[in-house]
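Below is one structure; the comments refer to it alone.
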Amino acid sequence: MNSKMDYTMPSTKITTNFLTVDNPVFCCFLFWSSVLVIKMLLMSAITGLQRIFFMIYINPEDLIFKDVELKYNNPRIERARRAHRNDLENILPYFTMALLYICTDPNPSIACNLFRIGSIARIIHTLVYAFRPVPQPSRFIAFFIMFLITLYMAFDVGMQTLKHI
Amino acid sequence: MNSKMDYTMPSTKITTNFLTVDNPVFCCFLFWSSVLVIKMLLMSAITGLQRIFFMIYINPEDLIFKDVELKYNNPRIERARRAHRNDLENILPYFTMALLYICTDPNPSIACNLFRIGSIARIIHTLVYAFRPVPQPSRFIAFFIMFLITLYMAFDVGMQTLKHI
Amino acid sequence: MNSKMDYTMPSTKITTNFLTVDNPVFCCFLFWSSVLVIKMLLMSAITGLQRIFFMIYINPEDLIFKDVELKYNNPRIERARRAHRNDLENILPYFTMALLYICTDPNPSIACNLFRIGSIARIIHTLVYAFRPVPQPSRFIAFFIMFLITLYMAFDVGMQTLKHI
């Protein structure tokens with residue numbers, strides 16, 4: 001554990017603020033995060049529209065017509081839900097990790113390209129998972145790119161801050 | 001892609017820091033985020049208490065009494081879990097998006113009201129989903145308010161940072 | 001609601017930036033967040049490897065050999081998925097809350113110890129849930145430590161910003 005003195009923050013020193021639109025790396029992250037958030041929200045919307053269109057409901061209060069029964073485990077909707085859950089498992093930790101990574105002042109061109117490649121990979125992942133199933137390993141590769149990027153950022157940040165364990 | 005020069009951050013310029021308690025917009029977000037986090041944690045607690053109260057366990061090591069069998073797909077608990085999953089799908093991307101939105105220096109009164117309305121909508125969503133099922137479209141409206149707010153923030157941030165694609 | 005004037009941020013005042021590597025509390029959070037993100041990514045990897053090793057697939061396009069059928073509800077994989085979902089439900093809100101908590105300038109030694117204890121508790125939670133099931137209440141205690149820490153941070157931040165409701 002660190003000594004008490006180590007905790008004192010140099011409050012008089014003017015520290016660079018990385019989470020501002022003056023920082024091109026942060027701007028790049030802002031743009032691609034917005035794209036990914038919109039993509040995730042569309043997954044919600046598509047699942048909901050499929051439920052209405054194919055009349056597959058899982059809550060009794062959602063039944064508009066009396067003659068529709070509750071149905072579980074519809075393959076099409078379960079596929080969309082698995083794709084959505086995969087987004088939660090991968091994109092949300094990436095958001096946190098990328099934000100922290102930006103605060104450690106990374107190399108700008110590396111950081112920007114990681115954000116671009118990772119975000120495009122996740123868009124492809126959604127397309128080949130939820131929209132039009134494509135033979136493997138297309139989905140695996142799309143998943144693995146973002147996985148590696150998040151892992152790289154976590155290792156990079158972890159190694160830099162190892163002495164603060 | 002931007003040229004190398006675009007990446008250089010003006011480190012000598014004193015940039016405004018938006019993620020500080022001196023910023024009323026951030027304070028408003030702090031308060032309502034705390035409320036939403038407590039609400040999400042309560043969902044975990046309620047699901048767990050229901051498992052104990054109705055003796056519905058899904059892990060062998062949770063069985064305290066020998067004569068209780070593992071039970072899956074209990075309607076009450078599955079409903080609480082769906083409400084909780086809906087929180088993960090909507091509140092967590094909102095947290096990221098709202099934090100990024102604050103960093104782009106939005107109109108303070110618009111931002112604060114978005115945080116207030118969105119958070120109250122999600123509390124209502126939980127009440128009409130997990131606690132006392134209410135006929136539609138009450139749950140849909142509560143869901144859709146936060147959905148639109150997150151979408152608006154994502155579009156606003158995305159449009160501002162479009163040149164950093 | 002606050003008056004218009006309350007929204008004006010003192011832009012000329014140089015505010016302390018807490019999200020920088022000059023802040024030991026943030027560095028401690030950076031390290032332990034990296035560890036938790038790597039832990040969460042490993043959960044994805046382990047579930048995927050188990051699917052390949054035990055040949056339990058849930059998507060038709062994942063079938064490499066013709067004679068393997070789609071299988072659902074394998075106990076081992078469902079256990080890993082439940083542990084992973086528990087991570088999403090608890091670690092992701094913690095990430096948001098901890099980041100906001102750091103911005104409110106908490107007591108450094110309290111904050112650092114919360115991050116350390118909470119992160120280690122979640123690592124133990126994964127070990128006793130997904131890897132080697134251990135009789136309760138070991139998993140409950142590991143879950144409850146992070147639960148209480150997130151709740152404490154949410155209450156602390158919420159009380160500080162109560163007037164910005």
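By order of appearance in the structure tokens: chains A, B, ..., then residues from 1 within every chain, and ligands from 1 in the order shown.
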> Looking only at the backbone, which of the residues in stretch 74-149 of chain C does DSSP tag as alpha helix (DSSP H), as a ChimeraX atom specification?
Replying inline: /C:75-103,108-126,138-149
Any chance you could fit chain A onto chain B with least squares, all Cα atoms in order, and share the moved copy as a compact mmCIF listing (two decimals) with N, CA and C atoms, in the first residue's frame?
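What follows is the written file selection10.txt:
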```
# COMPACT_ATOMS: atom_id res chain seq x y z
N MET A 1 -8.91 9.99 -43.17
CA MET A 1 -8.14 10.04 -41.93
C MET A 1 -7.49 11.41 -41.77
N ASN A 2 -7.36 11.85 -40.56
CA ASN A 2 -6.77 13.16 -40.31
C ASN A 2 -5.26 13.11 -40.48
N SER A 3 -4.67 14.27 -40.72
CA SER A 3 -3.23 14.34 -40.83
C SER A 3 -2.62 14.26 -39.44
N LYS A 4 -1.35 14.03 -39.39
CA LYS A 4 -0.63 13.88 -38.11
C LYS A 4 -0.83 15.12 -37.22
N MET A 5 -0.82 16.29 -37.90
CA MET A 5 -0.90 17.54 -37.13
C MET A 5 -2.21 17.66 -36.35
N ASP A 6 -3.28 17.16 -36.94
CA ASP A 6 -4.58 17.27 -36.28
C ASP A 6 -4.62 16.59 -34.93
N TYR A 7 -3.74 15.60 -34.75
CA TYR A 7 -3.77 14.83 -33.51
C TYR A 7 -3.15 15.59 -32.34
N THR A 8 -2.31 16.59 -32.65
CA THR A 8 -1.61 17.28 -31.57
C THR A 8 -2.61 18.08 -30.73
N MET A 9 -2.59 17.79 -29.46
CA MET A 9 -3.52 18.46 -28.57
C MET A 9 -2.89 19.75 -28.06
N PRO A 10 -3.62 20.86 -28.05
CA PRO A 10 -3.06 22.11 -27.53
C PRO A 10 -2.87 22.01 -26.03
N SER A 11 -1.70 21.51 -25.61
CA SER A 11 -1.49 21.19 -24.20
C SER A 11 -1.30 22.46 -23.35
N THR A 12 -0.91 23.55 -23.99
CA THR A 12 -0.70 24.76 -23.22
C THR A 12 -2.02 25.48 -22.92
N LYS A 13 -3.03 25.22 -23.75
CA LYS A 13 -4.32 25.86 -23.55
C LYS A 13 -5.02 25.27 -22.32
N ILE A 14 -5.54 26.13 -21.48
CA ILE A 14 -6.27 25.64 -20.31
C ILE A 14 -7.69 25.34 -20.74
N THR A 15 -8.00 24.05 -20.80
CA THR A 15 -9.33 23.66 -21.26
C THR A 15 -10.26 23.52 -20.07
N THR A 16 -11.52 23.83 -20.31
CA THR A 16 -12.52 23.72 -19.26
C THR A 16 -12.76 22.24 -18.95
N ASN A 17 -12.80 21.94 -17.68
CA ASN A 17 -13.07 20.57 -17.24
C ASN A 17 -14.54 20.49 -16.85
N PHE A 18 -15.28 19.65 -17.58
CA PHE A 18 -16.72 19.57 -17.33
C PHE A 18 -17.08 18.54 -16.25
N LEU A 19 -16.16 17.61 -15.99
CA LEU A 19 -16.46 16.54 -15.04
C LEU A 19 -16.00 16.93 -13.63
N THR A 20 -16.63 17.98 -13.12
CA THR A 20 -16.27 18.49 -11.80
C THR A 20 -17.53 18.99 -11.11
N VAL A 21 -17.51 18.98 -9.79
CA VAL A 21 -18.70 19.41 -9.05
C VAL A 21 -18.97 20.92 -9.18
N ASP A 22 -18.06 21.65 -9.83
CA ASP A 22 -18.33 23.06 -10.12
C ASP A 22 -19.29 23.22 -11.29
N ASN A 23 -19.51 22.14 -12.04
CA ASN A 23 -20.39 22.18 -13.20
C ASN A 23 -21.78 21.69 -12.81
N PRO A 24 -22.79 22.57 -12.80
CA PRO A 24 -24.13 22.16 -12.36
C PRO A 24 -24.72 21.04 -13.20
N VAL A 25 -24.39 20.99 -14.49
CA VAL A 25 -24.90 19.92 -15.35
C VAL A 25 -24.36 18.57 -14.87
N PHE A 26 -23.06 18.55 -14.55
CA PHE A 26 -22.46 17.31 -14.07
C PHE A 26 -23.05 16.91 -12.71
N CYS A 27 -23.30 17.91 -11.86
CA CYS A 27 -23.89 17.62 -10.55
C CYS A 27 -25.27 16.99 -10.71
N CYS A 28 -26.06 17.53 -11.64
CA CYS A 28 -27.39 16.97 -11.89
C CYS A 28 -27.26 15.53 -12.36
N PHE A 29 -26.29 15.26 -13.25
CA PHE A 29 -26.06 13.90 -13.73
C PHE A 29 -25.60 13.00 -12.58
N LEU A 30 -24.72 13.53 -11.73
CA LEU A 30 -24.24 12.76 -10.57
C LEU A 30 -25.41 12.29 -9.72
N PHE A 31 -26.33 13.24 -9.41
CA PHE A 31 -27.46 12.88 -8.55
C PHE A 31 -28.32 11.80 -9.19
N TRP A 32 -28.74 12.02 -10.44
CA TRP A 32 -29.67 11.07 -11.08
C TRP A 32 -29.01 9.76 -11.43
N SER A 33 -27.69 9.78 -11.69
CA SER A 33 -26.98 8.51 -11.92
C SER A 33 -26.95 7.69 -10.64
N SER A 34 -26.71 8.37 -9.51
CA SER A 34 -26.71 7.66 -8.23
C SER A 34 -28.05 7.00 -7.99
N VAL A 35 -29.13 7.73 -8.28
CA VAL A 35 -30.47 7.18 -8.10
C VAL A 35 -30.66 5.94 -8.99
N LEU A 36 -30.22 6.04 -10.25
CA LEU A 36 -30.40 4.91 -11.17
C LEU A 36 -29.55 3.71 -10.76
N VAL A 37 -28.32 3.97 -10.29
CA VAL A 37 -27.46 2.86 -9.83
C VAL A 37 -28.11 2.17 -8.63
N ILE A 38 -28.63 2.96 -7.68
CA ILE A 38 -29.30 2.36 -6.51
C ILE A 38 -30.51 1.55 -6.98
N LYS A 39 -31.27 2.08 -7.93
CA LYS A 39 -32.41 1.35 -8.48
C LYS A 39 -31.98 0.01 -9.10
N MET A 40 -30.88 0.03 -9.86
CA MET A 40 -30.40 -1.20 -10.48
C MET A 40 -29.95 -2.22 -9.42
N LEU A 41 -29.26 -1.72 -8.39
CA LEU A 41 -28.80 -2.63 -7.34
C LEU A 41 -29.99 -3.23 -6.60
N LEU A 42 -31.05 -2.44 -6.41
CA LEU A 42 -32.24 -2.97 -5.76
C LEU A 42 -32.86 -4.12 -6.56
N MET A 43 -32.77 -4.04 -7.90
CA MET A 43 -33.28 -5.13 -8.73
C MET A 43 -32.56 -6.44 -8.41
N SER A 44 -31.22 -6.35 -8.26
CA SER A 44 -30.44 -7.53 -7.86
C SER A 44 -30.91 -8.06 -6.53
N ALA A 45 -31.07 -7.14 -5.57
CA ALA A 45 -31.44 -7.53 -4.21
C ALA A 45 -32.82 -8.18 -4.20
N ILE A 46 -33.77 -7.60 -4.97
CA ILE A 46 -35.13 -8.13 -4.98
C ILE A 46 -35.18 -9.53 -5.60
N THR A 47 -34.45 -9.71 -6.71
CA THR A 47 -34.40 -11.04 -7.33
C THR A 47 -33.85 -12.06 -6.34
N GLY A 48 -32.76 -11.68 -5.65
CA GLY A 48 -32.16 -12.60 -4.69
C GLY A 48 -33.09 -12.93 -3.53
N LEU A 49 -33.78 -11.90 -3.02
CA LEU A 49 -34.70 -12.12 -1.90
C LEU A 49 -35.88 -12.99 -2.34
N GLN A 50 -36.36 -12.79 -3.58
CA GLN A 50 -37.46 -13.62 -4.09
C GLN A 50 -37.03 -15.08 -4.18
N ARG A 51 -35.78 -15.31 -4.60
CA ARG A 51 -35.27 -16.68 -4.68
C ARG A 51 -35.29 -17.34 -3.30
N ILE A 52 -34.89 -16.58 -2.27
CA ILE A 52 -34.85 -17.13 -0.92
C ILE A 52 -36.28 -17.34 -0.41
N PHE A 53 -37.14 -16.34 -0.63
CA PHE A 53 -38.49 -16.37 -0.08
C PHE A 53 -39.34 -17.48 -0.70
N PHE A 54 -39.27 -17.59 -2.03
CA PHE A 54 -40.07 -18.60 -2.73
C PHE A 54 -39.28 -19.90 -2.93
N MET A 55 -38.06 -19.95 -2.41
CA MET A 55 -37.19 -21.14 -2.51
C MET A 55 -37.04 -21.62 -3.94
N ILE A 56 -36.65 -20.70 -4.82
CA ILE A 56 -36.43 -21.04 -6.23
C ILE A 56 -34.96 -20.81 -6.53
N TYR A 57 -34.20 -21.88 -6.60
CA TYR A 57 -32.77 -21.76 -6.78
C TYR A 57 -32.35 -22.36 -8.11
N ILE A 58 -31.29 -21.81 -8.69
CA ILE A 58 -30.82 -22.35 -9.96
C ILE A 58 -29.40 -22.89 -9.85
N ASN A 59 -28.77 -22.78 -8.68
CA ASN A 59 -27.44 -23.34 -8.50
C ASN A 59 -27.49 -24.41 -7.41
N PRO A 60 -26.92 -25.60 -7.66
CA PRO A 60 -26.99 -26.68 -6.67
C PRO A 60 -26.45 -26.26 -5.30
N GLU A 61 -25.39 -25.43 -5.29
CA GLU A 61 -24.77 -25.09 -4.00
C GLU A 61 -25.62 -24.12 -3.18
N ASP A 62 -26.70 -23.58 -3.78
CA ASP A 62 -27.57 -22.65 -3.06
C ASP A 62 -28.62 -23.37 -2.24
N LEU A 63 -28.76 -24.67 -2.43
CA LEU A 63 -29.81 -25.43 -1.73
C LEU A 63 -29.44 -25.59 -0.27
N ILE A 64 -30.20 -24.96 0.60
CA ILE A 64 -29.92 -25.05 2.03
C ILE A 64 -30.63 -26.28 2.60
N PHE A 65 -31.87 -26.49 2.17
CA PHE A 65 -32.64 -27.65 2.62
C PHE A 65 -32.54 -28.73 1.55
N LYS A 66 -32.39 -29.94 1.97
CA LYS A 66 -32.20 -31.03 1.03
C LYS A 66 -33.44 -31.28 0.17
N ASP A 67 -34.60 -30.97 0.70
CA ASP A 67 -35.82 -31.33 0.00
C ASP A 67 -36.31 -30.27 -1.00
N VAL A 68 -35.46 -29.30 -1.31
CA VAL A 68 -35.83 -28.30 -2.30
C VAL A 68 -35.14 -28.64 -3.62
N GLU A 69 -35.89 -28.67 -4.69
CA GLU A 69 -35.30 -28.97 -5.99
C GLU A 69 -34.93 -27.68 -6.72
N LEU A 70 -34.02 -27.82 -7.69
CA LEU A 70 -33.68 -26.69 -8.54
C LEU A 70 -34.88 -26.40 -9.43
N LYS A 71 -35.24 -25.12 -9.53
CA LYS A 71 -36.36 -24.74 -10.38
C LYS A 71 -35.93 -23.65 -11.34
N TYR A 72 -36.32 -23.80 -12.58
CA TYR A 72 -36.03 -22.76 -13.57
C TYR A 72 -37.35 -22.17 -14.03
N ASN A 73 -37.25 -21.02 -14.69
CA ASN A 73 -38.40 -20.44 -15.39
C ASN A 73 -39.59 -20.13 -14.49
N ASN A 74 -39.34 -19.73 -13.25
CA ASN A 74 -40.42 -19.22 -12.41
C ASN A 74 -40.89 -17.89 -12.99
N PRO A 75 -42.19 -17.71 -13.25
CA PRO A 75 -42.66 -16.50 -13.95
C PRO A 75 -42.28 -15.21 -13.22
N ARG A 76 -42.43 -15.22 -11.88
CA ARG A 76 -42.17 -14.00 -11.13
C ARG A 76 -40.70 -13.58 -11.22
N ILE A 77 -39.81 -14.57 -11.06
CA ILE A 77 -38.38 -14.27 -11.09
C ILE A 77 -37.93 -13.95 -12.51
N GLU A 78 -38.45 -14.66 -13.49
CA GLU A 78 -38.09 -14.37 -14.88
C GLU A 78 -38.52 -12.95 -15.27
N ARG A 79 -39.66 -12.50 -14.73
CA ARG A 79 -40.09 -11.13 -14.99
C ARG A 79 -39.11 -10.13 -14.40
N ALA A 80 -38.68 -10.35 -13.16
CA ALA A 80 -37.69 -9.46 -12.53
C ALA A 80 -36.39 -9.47 -13.31
N ARG A 81 -35.99 -10.66 -13.81
CA ARG A 81 -34.74 -10.75 -14.56
C ARG A 81 -34.85 -10.03 -15.90
N ARG A 82 -36.03 -10.12 -16.55
CA ARG A 82 -36.21 -9.40 -17.82
C ARG A 82 -36.15 -7.89 -17.58
N ALA A 83 -36.78 -7.42 -16.49
CA ALA A 83 -36.74 -6.00 -16.16
C ALA A 83 -35.29 -5.57 -15.91
N HIS A 84 -34.54 -6.42 -15.21
CA HIS A 84 -33.14 -6.11 -14.91
C HIS A 84 -32.31 -6.08 -16.19
N ARG A 85 -32.53 -7.06 -17.07
CA ARG A 85 -31.80 -7.07 -18.33
C ARG A 85 -32.13 -5.85 -19.17
N ASN A 86 -33.39 -5.43 -19.14
CA ASN A 86 -33.77 -4.22 -19.87
C ASN A 86 -33.02 -3.00 -19.32
N ASP A 87 -32.80 -2.98 -18.00
CA ASP A 87 -31.98 -1.92 -17.40
C ASP A 87 -30.57 -1.93 -17.97
N LEU A 88 -29.96 -3.12 -18.02
CA LEU A 88 -28.59 -3.23 -18.54
C LEU A 88 -28.54 -2.72 -19.98
N GLU A 89 -29.54 -3.09 -20.78
CA GLU A 89 -29.56 -2.74 -22.19
C GLU A 89 -29.76 -1.25 -22.43
N ASN A 90 -30.43 -0.58 -21.49
CA ASN A 90 -30.76 0.82 -21.73
C ASN A 90 -30.03 1.80 -20.83
N ILE A 91 -29.92 1.48 -19.53
CA ILE A 91 -29.33 2.45 -18.60
C ILE A 91 -27.81 2.53 -18.78
N LEU A 92 -27.16 1.38 -19.00
CA LEU A 92 -25.70 1.40 -19.09
C LEU A 92 -25.21 2.16 -20.33
N PRO A 93 -25.78 1.96 -21.54
CA PRO A 93 -25.38 2.83 -22.66
C PRO A 93 -25.71 4.30 -22.40
N TYR A 94 -26.83 4.55 -21.70
CA TYR A 94 -27.18 5.93 -21.35
C TYR A 94 -26.10 6.56 -20.48
N PHE A 95 -25.60 5.81 -19.48
CA PHE A 95 -24.53 6.35 -18.61
C PHE A 95 -23.34 6.82 -19.44
N THR A 96 -22.86 5.95 -20.34
CA THR A 96 -21.72 6.30 -21.17
C THR A 96 -22.04 7.51 -22.04
N MET A 97 -23.20 7.46 -22.70
CA MET A 97 -23.56 8.51 -23.64
C MET A 97 -23.74 9.85 -22.93
N ALA A 98 -24.37 9.84 -21.74
CA ALA A 98 -24.60 11.08 -21.00
C ALA A 98 -23.28 11.70 -20.55
N LEU A 99 -22.35 10.84 -20.12
CA LEU A 99 -21.04 11.34 -19.67
C LEU A 99 -20.31 12.01 -20.84
N LEU A 100 -20.37 11.37 -22.02
CA LEU A 100 -19.72 11.94 -23.20
C LEU A 100 -20.42 13.23 -23.63
N TYR A 101 -21.74 13.20 -23.52
CA TYR A 101 -22.56 14.37 -23.89
C TYR A 101 -22.18 15.58 -23.02
N ILE A 102 -21.98 15.35 -21.72
CA ILE A 102 -21.60 16.44 -20.80
C ILE A 102 -20.27 17.05 -21.24
N CYS A 103 -19.35 16.20 -21.72
CA CYS A 103 -18.03 16.69 -22.14
C CYS A 103 -18.09 17.56 -23.39
N THR A 104 -19.22 17.54 -24.13
CA THR A 104 -19.33 18.37 -25.33
C THR A 104 -19.98 19.71 -25.02
N ASP A 105 -20.11 20.05 -23.72
CA ASP A 105 -20.66 21.35 -23.29
C ASP A 105 -22.05 21.62 -23.85
N PRO A 106 -23.04 20.77 -23.46
CA PRO A 106 -24.40 20.98 -23.98
C PRO A 106 -25.09 22.16 -23.30
N ASN A 107 -26.23 22.56 -23.84
CA ASN A 107 -27.06 23.58 -23.20
C ASN A 107 -27.45 23.06 -21.81
N PRO A 108 -27.12 23.83 -20.74
CA PRO A 108 -27.32 23.28 -19.39
C PRO A 108 -28.75 22.90 -19.07
N SER A 109 -29.72 23.75 -19.44
CA SER A 109 -31.08 23.42 -19.01
C SER A 109 -31.64 22.23 -19.80
N ILE A 110 -31.27 22.12 -21.10
CA ILE A 110 -31.69 20.94 -21.86
C ILE A 110 -31.09 19.68 -21.24
N ALA A 111 -29.77 19.70 -20.99
CA ALA A 111 -29.09 18.52 -20.47
C ALA A 111 -29.69 18.08 -19.14
N CYS A 112 -29.86 19.04 -18.21
CA CYS A 112 -30.39 18.69 -16.89
C CYS A 112 -31.78 18.09 -16.99
N ASN A 113 -32.62 18.67 -17.84
CA ASN A 113 -33.97 18.14 -17.95
C ASN A 113 -34.00 16.77 -18.62
N LEU A 114 -33.08 16.52 -19.56
CA LEU A 114 -32.99 15.18 -20.14
C LEU A 114 -32.64 14.15 -19.06
N PHE A 115 -31.68 14.51 -18.18
CA PHE A 115 -31.28 13.57 -17.13
C PHE A 115 -32.45 13.31 -16.17
N ARG A 116 -33.17 14.38 -15.82
CA ARG A 116 -34.29 14.22 -14.88
C ARG A 116 -35.41 13.36 -15.48
N ILE A 117 -35.82 13.73 -16.71
CA ILE A 117 -36.96 13.02 -17.33
C ILE A 117 -36.59 11.55 -17.58
N GLY A 118 -35.37 11.34 -18.12
CA GLY A 118 -34.95 9.98 -18.43
C GLY A 118 -34.89 9.10 -17.20
N SER A 119 -34.35 9.64 -16.11
CA SER A 119 -34.19 8.83 -14.90
C SER A 119 -35.55 8.50 -14.29
N ILE A 120 -36.46 9.49 -14.27
CA ILE A 120 -37.79 9.22 -13.70
C ILE A 120 -38.52 8.20 -14.58
N ALA A 121 -38.35 8.31 -15.91
CA ALA A 121 -38.99 7.34 -16.81
C ALA A 121 -38.53 5.92 -16.51
N ARG A 122 -37.23 5.74 -16.24
CA ARG A 122 -36.72 4.40 -15.96
C ARG A 122 -37.22 3.87 -14.62
N ILE A 123 -37.40 4.77 -13.64
CA ILE A 123 -37.96 4.33 -12.35
C ILE A 123 -39.39 3.84 -12.57
N ILE A 124 -40.16 4.60 -13.37
CA ILE A 124 -41.53 4.17 -13.69
C ILE A 124 -41.52 2.84 -14.44
N HIS A 125 -40.56 2.70 -15.37
CA HIS A 125 -40.44 1.45 -16.14
C HIS A 125 -40.29 0.25 -15.20
N THR A 126 -39.43 0.38 -14.20
CA THR A 126 -39.23 -0.71 -13.23
C THR A 126 -40.52 -0.99 -12.46
N LEU A 127 -41.20 0.08 -12.04
CA LEU A 127 -42.43 -0.10 -11.26
C LEU A 127 -43.49 -0.84 -12.06
N VAL A 128 -43.70 -0.45 -13.32
CA VAL A 128 -44.77 -1.08 -14.10
C VAL A 128 -44.35 -2.41 -14.72
N TYR A 129 -43.04 -2.73 -14.69
CA TYR A 129 -42.59 -4.01 -15.25
C TYR A 129 -42.44 -5.05 -14.13
N ALA A 130 -41.59 -4.74 -13.15
CA ALA A 130 -41.22 -5.77 -12.18
C ALA A 130 -42.14 -5.81 -10.98
N PHE A 131 -42.70 -4.67 -10.58
CA PHE A 131 -43.46 -4.64 -9.33
C PHE A 131 -44.94 -4.92 -9.54
N ARG A 132 -45.57 -4.12 -10.38
CA ARG A 132 -47.00 -4.29 -10.58
C ARG A 132 -47.28 -4.16 -12.08
N PRO A 133 -47.44 -5.29 -12.78
CA PRO A 133 -47.69 -5.22 -14.22
C PRO A 133 -48.93 -4.38 -14.52
N VAL A 134 -48.74 -3.42 -15.42
CA VAL A 134 -49.79 -2.47 -15.79
C VAL A 134 -50.03 -2.67 -17.29
N PRO A 135 -51.28 -2.56 -17.76
CA PRO A 135 -51.51 -2.73 -19.21
C PRO A 135 -50.63 -1.80 -20.03
N GLN A 136 -50.25 -2.30 -21.18
CA GLN A 136 -49.50 -1.46 -22.12
C GLN A 136 -50.40 -0.32 -22.57
N PRO A 137 -49.90 0.82 -23.09
CA PRO A 137 -48.50 1.08 -23.41
C PRO A 137 -47.71 1.76 -22.30
N SER A 138 -48.10 1.63 -21.05
CA SER A 138 -47.37 2.34 -19.99
C SER A 138 -45.89 1.97 -19.97
N ARG A 139 -45.60 0.64 -20.04
CA ARG A 139 -44.19 0.22 -19.98
C ARG A 139 -43.45 0.68 -21.23
N PHE A 140 -44.14 0.60 -22.39
CA PHE A 140 -43.51 1.00 -23.64
C PHE A 140 -43.13 2.48 -23.60
N ILE A 141 -44.04 3.32 -23.10
CA ILE A 141 -43.76 4.77 -23.05
C ILE A 141 -42.57 5.04 -22.14
N ALA A 142 -42.57 4.39 -20.96
CA ALA A 142 -41.46 4.59 -20.01
C ALA A 142 -40.14 4.17 -20.63
N PHE A 143 -40.14 3.05 -21.36
CA PHE A 143 -38.94 2.58 -22.05
C PHE A 143 -38.53 3.56 -23.15
N PHE A 144 -39.51 4.05 -23.90
CA PHE A 144 -39.24 4.82 -25.09
C PHE A 144 -38.66 6.21 -24.76
N ILE A 145 -39.04 6.77 -23.61
CA ILE A 145 -38.52 8.09 -23.23
C ILE A 145 -37.00 8.04 -23.09
N MET A 146 -36.49 7.09 -22.30
CA MET A 146 -35.04 6.96 -22.14
C MET A 146 -34.37 6.60 -23.45
N PHE A 147 -35.03 5.74 -24.23
CA PHE A 147 -34.51 5.35 -25.54
C PHE A 147 -34.28 6.58 -26.42
N LEU A 148 -35.30 7.44 -26.50
CA LEU A 148 -35.20 8.65 -27.33
C LEU A 148 -34.13 9.60 -26.80
N ILE A 149 -34.04 9.73 -25.48
CA ILE A 149 -33.06 10.65 -24.89
C ILE A 149 -31.65 10.18 -25.22
N THR A 150 -31.39 8.88 -25.06
CA THR A 150 -30.05 8.35 -25.40
C THR A 150 -29.78 8.54 -26.88
N LEU A 151 -30.78 8.27 -27.72
CA LEU A 151 -30.63 8.43 -29.16
C LEU A 151 -30.33 9.89 -29.51
N TYR A 152 -31.04 10.81 -28.88
CA TYR A 152 -30.82 12.23 -29.15
C TYR A 152 -29.38 12.63 -28.78
N MET A 153 -28.93 12.20 -27.60
CA MET A 153 -27.57 12.54 -27.16
C MET A 153 -26.53 11.95 -28.11
N ALA A 154 -26.75 10.70 -28.56
CA ALA A 154 -25.82 10.04 -29.47
C ALA A 154 -25.76 10.78 -30.80
N PHE A 155 -26.92 11.18 -31.34
CA PHE A 155 -26.94 11.93 -32.61
C PHE A 155 -26.26 13.28 -32.43
N ASP A 156 -26.55 13.96 -31.33
CA ASP A 156 -25.98 15.28 -31.08
C ASP A 156 -24.45 15.20 -31.02
N VAL A 157 -23.95 14.24 -30.24
CA VAL A 157 -22.49 14.08 -30.10
C VAL A 157 -21.90 13.62 -31.43
N GLY A 158 -22.55 12.67 -32.11
CA GLY A 158 -22.05 12.17 -33.38
C GLY A 158 -21.96 13.25 -34.45
N MET A 159 -22.97 14.12 -34.53
CA MET A 159 -22.95 15.18 -35.53
C MET A 159 -21.85 16.20 -35.24
N GLN A 160 -21.62 16.49 -33.95
CA GLN A 160 -20.58 17.46 -33.59
C GLN A 160 -19.19 16.97 -33.92
N THR A 161 -19.00 15.64 -33.92
CA THR A 161 -17.66 15.07 -34.08
C THR A 161 -17.53 14.32 -35.41
N LEU A 162 -18.41 14.67 -36.36
CA LEU A 162 -18.49 13.95 -37.63
C LEU A 162 -17.17 14.01 -38.41
N LYS A 163 -16.45 15.10 -38.29
CA LYS A 163 -15.21 15.23 -39.07
C LYS A 163 -14.05 14.40 -38.50
N HIS A 164 -14.25 13.83 -37.30
CA HIS A 164 -13.21 12.99 -36.70
C HIS A 164 -13.44 11.51 -36.99
N ILE A 165 -14.24 11.21 -37.96
CA ILE A 165 -14.65 9.85 -38.29
C ILE A 165 -13.43 8.93 -38.46
```
